[in-house]
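Visitor: The structure follows.
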Amino acid sequence: MTITIIAVGKLKEIFWEKACDEYIKRLSRYCKIKIIEIHDEKVPAGAGAAEIEIATKKESEAILRHLSCRRSNTLVTLEINGIQNDSIAFAKKMDSFMVNGISHFTFVIGGSNGLHHQIIEKSQWHLSFSQMTFPHQLFRIMLLEQIYRGFKINHHETYHK
């Protein structure tokens with residue numbers, strides 16, 4: 001099993017990096033994990049839809065360079081309008097993909113302006129953690145934690161509630 005996380009933006013503080021490293025270490029028992037950071041395009045405050053479109057398009061082109069076209073890969077986009085699951089449903093969804101031959105998940109976390117429709121249209125799993133807005137650095141840790149929790153659930157191992 002391979003997990004790739006493509007994230008627009010970099011982890012800037014050491015405490016985010018340490019949290020990320022901790023979950024990567026925990027996940028190494030279950031899968032190979034790779035994190036790819038994409039440069040986030042700066043958009044001035046008060047930018048219009050056209051400027052945002054240009055920025056998200058540039059980010060999507062960088063994301064597309066890292067996507068695999070193999071049938072054994074599932075693209076998961078993290079979107080505010082995606083489907084919300086609890087942890088058990090998230091684990092079951094991952095497991096159902098794996099039972100059907102999926103051996104590689106690619107999770108994509110967009111930048112502050114979201115994901116370009118070009119990426120969203122390629123997604124096989126449109127996922128939302130909440131209608132709330134989270135900093136992208138924190139969200140990466142939240143995603144890693146839920147992936148880890150999903151593996152623990154699917155392996156019938158105890159993990160705090």
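Identifiers for the structure tokens are assigned positionally: chains receive A, B, ... in sequence, residues are indexed from 1 per chain, and ligands are indexed from 1 in the order shown.
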Which residues, written as an NGL selection string, have at least one atom at most 12 Å from stretch 47-61 of chain A, with only C-alpha atoms counted and residues fewer than 3 positions away on the same chain left out?
Guide: :A and (6-9 or 37-44 or 64-67 or 77 or 108-122)
Visitor: Given the selection you just returned, output its residues as a file containing C-alpha atoms, formatted as a JSON list (two decimals), in the first residue's frame.
Guide:
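As written to disk, again21.json reads:
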[["chain", "number", "residue", "atom", "x", "y", "z"],
["A", 6, "ILE", "CA", 0.19, 16.30, -2.57],
["A", 7, "ALA", "CA", -0.12, 19.52, -0.61],
["A", 8, "VAL", "CA", -0.12, 23.05, -1.91],
["A", 9, "GLY", "CA", 2.13, 25.02, 0.45],
["A", 37, "GLU", "CA", 4.76, 19.97, -1.56],
["A", 38, "ILE", "CA", 3.59, 22.22, -4.38],
["A", 39, "HIS", "CA", 4.43, 25.94, -4.51],
["A", 40, "ASP", "CA", 1.37, 27.99, -3.54],
["A", 41, "GLU", "CA", 0.62, 30.81, -5.94],
["A", 42, "LYS", "CA", 0.21, 34.15, -4.21],
["A", 43, "VAL", "CA", -3.00, 36.04, -4.89],
["A", 44, "PRO", "CA", -3.35, 39.62, -3.69],
["A", 64, "LEU", "CA", -0.94, 17.02, -12.46],
["A", 65, "ARG", "CA", 2.79, 16.40, -12.98],
["A", 66, "HIS", "CA", 2.73, 14.19, -9.87],
["A", 67, "LEU", "CA", -0.45, 12.20, -10.51],
["A", 77, "THR", "CA", -9.44, 15.44, -3.32],
["A", 108, "VAL", "CA", -4.60, 16.29, -2.72],
["A", 109, "ILE", "CA", -4.83, 19.28, -0.37],
["A", 110, "GLY", "CA", -5.37, 22.52, -2.26],
["A", 111, "GLY", "CA", -4.11, 25.97, -1.44],
["A", 112, "SER", "CA", -5.99, 28.80, 0.23],
["A", 113, "ASN", "CA", -8.10, 29.28, -2.91],
["A", 114, "GLY", "CA", -9.06, 25.62, -3.15],
["A", 115, "LEU", "CA", -8.49, 23.23, -6.02],
["A", 116, "HIS", "CA", -8.91, 23.96, -9.70],
["A", 117, "HIS", "CA", -11.85, 22.16, -11.34],
["A", 118, "GLN", "CA", -9.33, 20.31, -13.54],
["A", 119, "ILE", "CA", -8.13, 18.36, -10.46],
["A", 120, "ILE", "CA", -11.57, 17.93, -8.91],
["A", 121, "GLU", "CA", -12.90, 16.37, -12.14],
["A", 122, "LYS", "CA", -10.21, 13.66, -12.01]]
Visitor: Leaving out A:Met1 and any residue of its chain fewer than 5 positions from it, which residues lie within 6 Å of it when counting only C-alpha atoms, given as a ChimeraX atom specification?
Guide: /A:31,103-104
Visitor: Fewer than 6 positions away in the same chain doesn't count, so skip those; otherwise give me all residues within 9 Å of A:Phe107, counting only C-alpha atoms, as a PDB file with N, CA and C atoms, in the first residue's frame.
Guide:
ATOM      1  N   ILE A   3       0.679   5.565   0.010  1.00  0.00           N
ATOM      2  CA  ILE A   3      -0.097   6.787   0.191  1.00  0.00           C
ATOM      3  C   ILE A   3       0.787   7.948  -0.247  1.00  0.00           C
ATOM      4  N   THR A   4       0.257   8.784  -1.138  1.00  0.00           N
ATOM      5  CA  THR A   4       0.933  10.016  -1.527  1.00  0.00           C
ATOM      6  C   THR A   4       0.019  11.169  -1.134  1.00  0.00           C
ATOM      7  N   ILE A   5       0.599  12.160  -0.495  1.00  0.00           N
ATOM      8  CA  ILE A   5      -0.142  13.382  -0.185  1.00  0.00           C
ATOM      9  C   ILE A   5       0.519  14.500  -0.969  1.00  0.00           C
ATOM     10  N   ILE A   6      -0.269  15.124  -1.829  1.00  0.00           N
ATOM     11  CA  ILE A   6       0.194  16.295  -2.571  1.00  0.00           C
ATOM     12  C   ILE A   6      -0.448  17.494  -1.899  1.00  0.00           C
ATOM     13  N   ALA A   7       0.384  18.380  -1.361  1.00  0.00           N
ATOM     14  CA  ALA A   7      -0.121  19.523  -0.609  1.00  0.00           C
ATOM     15  C   ALA A   7       0.397  20.818  -1.214  1.00  0.00           C
ATOM     16  N   THR A  74      -6.002   5.646  -6.657  1.00  0.00           N
ATOM     17  CA  THR A  74      -7.225   6.412  -6.470  1.00  0.00           C
ATOM     18  C   THR A  74      -6.863   7.823  -6.060  1.00  0.00           C
ATOM     19  N   LEU A  75      -7.442   8.791  -6.752  1.00  0.00           N
ATOM     20  CA  LEU A  75      -7.234  10.202  -6.440  1.00  0.00           C
ATOM     21  C   LEU A  75      -8.321  10.650  -5.479  1.00  0.00           C
ATOM     22  N   VAL A  76      -7.892  11.205  -4.344  1.00  0.00           N
ATOM     23  CA  VAL A  76      -8.800  11.699  -3.323  1.00  0.00           C
ATOM     24  C   VAL A  76      -8.559  13.201  -3.181  1.00  0.00           C
ATOM     25  N   THR A  77      -9.576  13.999  -3.473  1.00  0.00           N
ATOM     26  CA  THR A  77      -9.438  15.444  -3.322  1.00  0.00           C
ATOM     27  C   THR A  77     -10.129  15.876  -2.038  1.00  0.00           C
ATOM     28  N   LEU A  78      -9.460  16.754  -1.307  1.00  0.00           N
ATOM     29  CA  LEU A  78     -10.011  17.303  -0.081  1.00  0.00           C
ATOM     30  C   LEU A  78     -10.696  18.610  -0.451  1.00  0.00           C
ATOM     31  N   LEU A 143      -5.179  15.114   8.293  1.00  0.00           N
ATOM     32  CA  LEU A 143      -5.308  14.061   7.281  1.00  0.00           C
ATOM     33  C   LEU A 143      -4.436  12.863   7.633  1.00  0.00           C
TER      34      LEU A 143
END
Visitor: Nearest residue to A:Tyr23 out of A:Thr133, A:Ile35, A:Phe97, A:Ala91, using only C-alpha atoms?
Guide: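 Comparing A:Thr133, A:Ile35, A:Phe97, A:Ala91 against A:Tyr23, the winner is A:Ile35.
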Visitor: Would you mind listing what lies within 12 Å of A:His156 as a VMD selection string, with only C-alpha atoms counted and same-chain residues fewer than 3 positions away left out?
Guide: chain A and resid 88 91 to 92 149 to 153 159
Visitor: Return the single residue from A:Gln146, A:Ala45, A:Ile36, A:Trp16 that is closest to A:Asp86, with distances computed using only C-alpha atoms.
Guide: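 Selected residue with least distance to A:Asp86: A:Gln146.
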Visitor: Residues within 12 Å of A:Ala19, please, as a VMD selection string. Count only C-alpha atoms; anything in the same chain fewer than 4 positions from it doesn't count.
Guide: chain A and resid 11 13 to 15 23 to 26 137 to 145
Visitor: Would you please work out which residue, of A:Ser68, A:Ser130, A:Asn100, A:Thr106, is nearest to A:Ile83 when using only C-alpha atoms?
Guide: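 Counting only C-alpha atoms, the residue closest to A:Ile83 is A:Ser130.
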Visitor: Would you give me, as an mmCIF file with C-alpha atoms, in the first residue's frame, the residues in stretch 14-157 of chain A that DSSP reads as alpha helix (DSSP H)?
Guide:
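The resulting file, states04.cif, is shown below:
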data_model
loop_
_atom_site.group_PDB
_atom_site.id
_atom_site.type_symbol
_atom_site.label_atom_id
_atom_site.label_comp_id
_atom_site.auth_asym_id
_atom_site.auth_seq_id
_atom_site.Cartn_x
_atom_site.Cartn_y
_atom_site.Cartn_z
ATOM 1 C CA ILE A 14 9.027 23.079 13.268
ATOM 2 C CA PHE A 15 6.123 21.813 15.412
ATOM 3 C CA TRP A 16 4.092 21.039 12.261
ATOM 4 C CA GLU A 17 7.098 19.199 10.808
ATOM 5 C CA LYS A 18 7.515 17.179 14.006
ATOM 6 C CA ALA A 19 3.835 16.221 14.060
ATOM 7 C CA CYS A 20 4.032 15.228 10.390
ATOM 8 C CA ASP A 21 7.144 13.146 11.023
ATOM 9 C CA GLU A 22 5.465 11.385 13.952
ATOM 10 C CA TYR A 23 2.497 10.282 11.839
ATOM 11 C CA ILE A 24 4.749 9.243 8.961
ATOM 12 C CA LYS A 25 6.661 7.073 11.437
ATOM 13 C CA ARG A 26 3.423 5.547 12.747
ATOM 14 C CA LEU A 27 2.088 4.961 9.226
ATOM 15 C CA ALA A 49 -12.226 35.442 -9.877
ATOM 16 C CA ALA A 50 -9.930 35.704 -12.923
ATOM 17 C CA GLU A 51 -6.807 36.095 -10.771
ATOM 18 C CA ILE A 52 -7.846 33.212 -8.530
ATOM 19 C CA GLU A 53 -8.507 31.058 -11.621
ATOM 20 C CA ILE A 54 -4.990 31.769 -12.922
ATOM 21 C CA ALA A 55 -3.406 30.896 -9.560
ATOM 22 C CA THR A 56 -5.336 27.651 -9.049
ATOM 23 C CA LYS A 57 -4.662 26.668 -12.677
ATOM 24 C CA LYS A 58 -0.893 27.046 -12.111
ATOM 25 C CA GLU A 59 -1.140 24.985 -8.931
ATOM 26 C CA SER A 60 -3.164 22.318 -10.762
ATOM 27 C CA GLU A 61 -0.530 22.035 -13.481
ATOM 28 C CA ALA A 62 2.082 21.319 -10.811
ATOM 29 C CA ILE A 63 -0.245 18.791 -9.144
ATOM 30 C CA LEU A 64 -0.941 17.023 -12.455
ATOM 31 C CA SER A 87 -13.610 7.917 11.091
ATOM 32 C CA ILE A 88 -15.220 4.487 10.766
ATOM 33 C CA ALA A 89 -16.829 5.332 7.417
ATOM 34 C CA PHE A 90 -13.491 6.783 6.233
ATOM 35 C CA ALA A 91 -11.729 3.526 7.191
ATOM 36 C CA LYS A 92 -14.407 1.417 5.485
ATOM 37 C CA LYS A 93 -14.158 3.501 2.308
ATOM 38 C CA MET A 94 -10.362 3.038 2.223
ATOM 39 C CA ASP A 95 -10.827 -0.677 2.827
ATOM 40 C CA SER A 96 -13.418 -1.017 0.050
ATOM 41 C CA PHE A 97 -11.026 0.570 -2.436
ATOM 42 C CA MET A 98 -8.231 -1.790 -1.303
ATOM 43 C CA VAL A 99 -10.473 -4.859 -1.609
ATOM 44 C CA HIS A 117 -11.851 22.159 -11.340
ATOM 45 C CA GLN A 118 -9.325 20.309 -13.535
ATOM 46 C CA ILE A 119 -8.129 18.362 -10.457
ATOM 47 C CA ILE A 120 -11.573 17.934 -8.906
ATOM 48 C CA HIS A 136 -3.402 24.041 5.445
ATOM 49 C CA GLN A 137 -0.511 23.123 7.721
ATOM 50 C CA LEU A 138 -2.872 21.871 10.435
ATOM 51 C CA PHE A 139 -5.039 20.107 7.891
ATOM 52 C CA ARG A 140 -2.103 18.038 6.646
ATOM 53 C CA ILE A 141 -1.617 16.725 10.196
ATOM 54 C CA MET A 142 -5.349 16.050 10.526
ATOM 55 C CA LEU A 143 -5.308 14.061 7.281
ATOM 56 C CA LEU A 144 -2.291 12.016 8.369
ATOM 57 C CA GLU A 145 -3.989 11.281 11.696
ATOM 58 C CA GLN A 146 -7.191 10.102 10.006
ATOM 59 C CA ILE A 147 -5.288 7.875 7.599
ATOM 60 C CA TYR A 148 -3.440 6.377 10.570
ATOM 61 C CA ARG A 149 -6.719 5.961 12.474
ATOM 62 C CA GLY A 150 -8.240 4.300 9.395
ATOM 63 C CA PHE A 151 -5.469 1.716 9.273
ATOM 64 C CA LYS A 152 -5.847 1.040 13.015
ATOM 65 C CA ILE A 153 -9.621 0.557 12.593
ATOM 66 C CA ASN A 154 -9.196 -1.720 9.567
#
Visitor: Determine the nearest neighbour of A:Lys34 from the options A:Gln84, A:Lys10, A:Phe105, A:His160, counting only C-alpha atoms.
Guide: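 Comparing A:Gln84, A:Lys10, A:Phe105, A:His160 against A:Lys34, the winner is A:Phe105.
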Visitor: What is the distance between atom CA of A:Leu127 and atom CA of A:Arg70, in Å to one decimal?
Guide: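 Computing it gives 20.7 Å between the two atoms.
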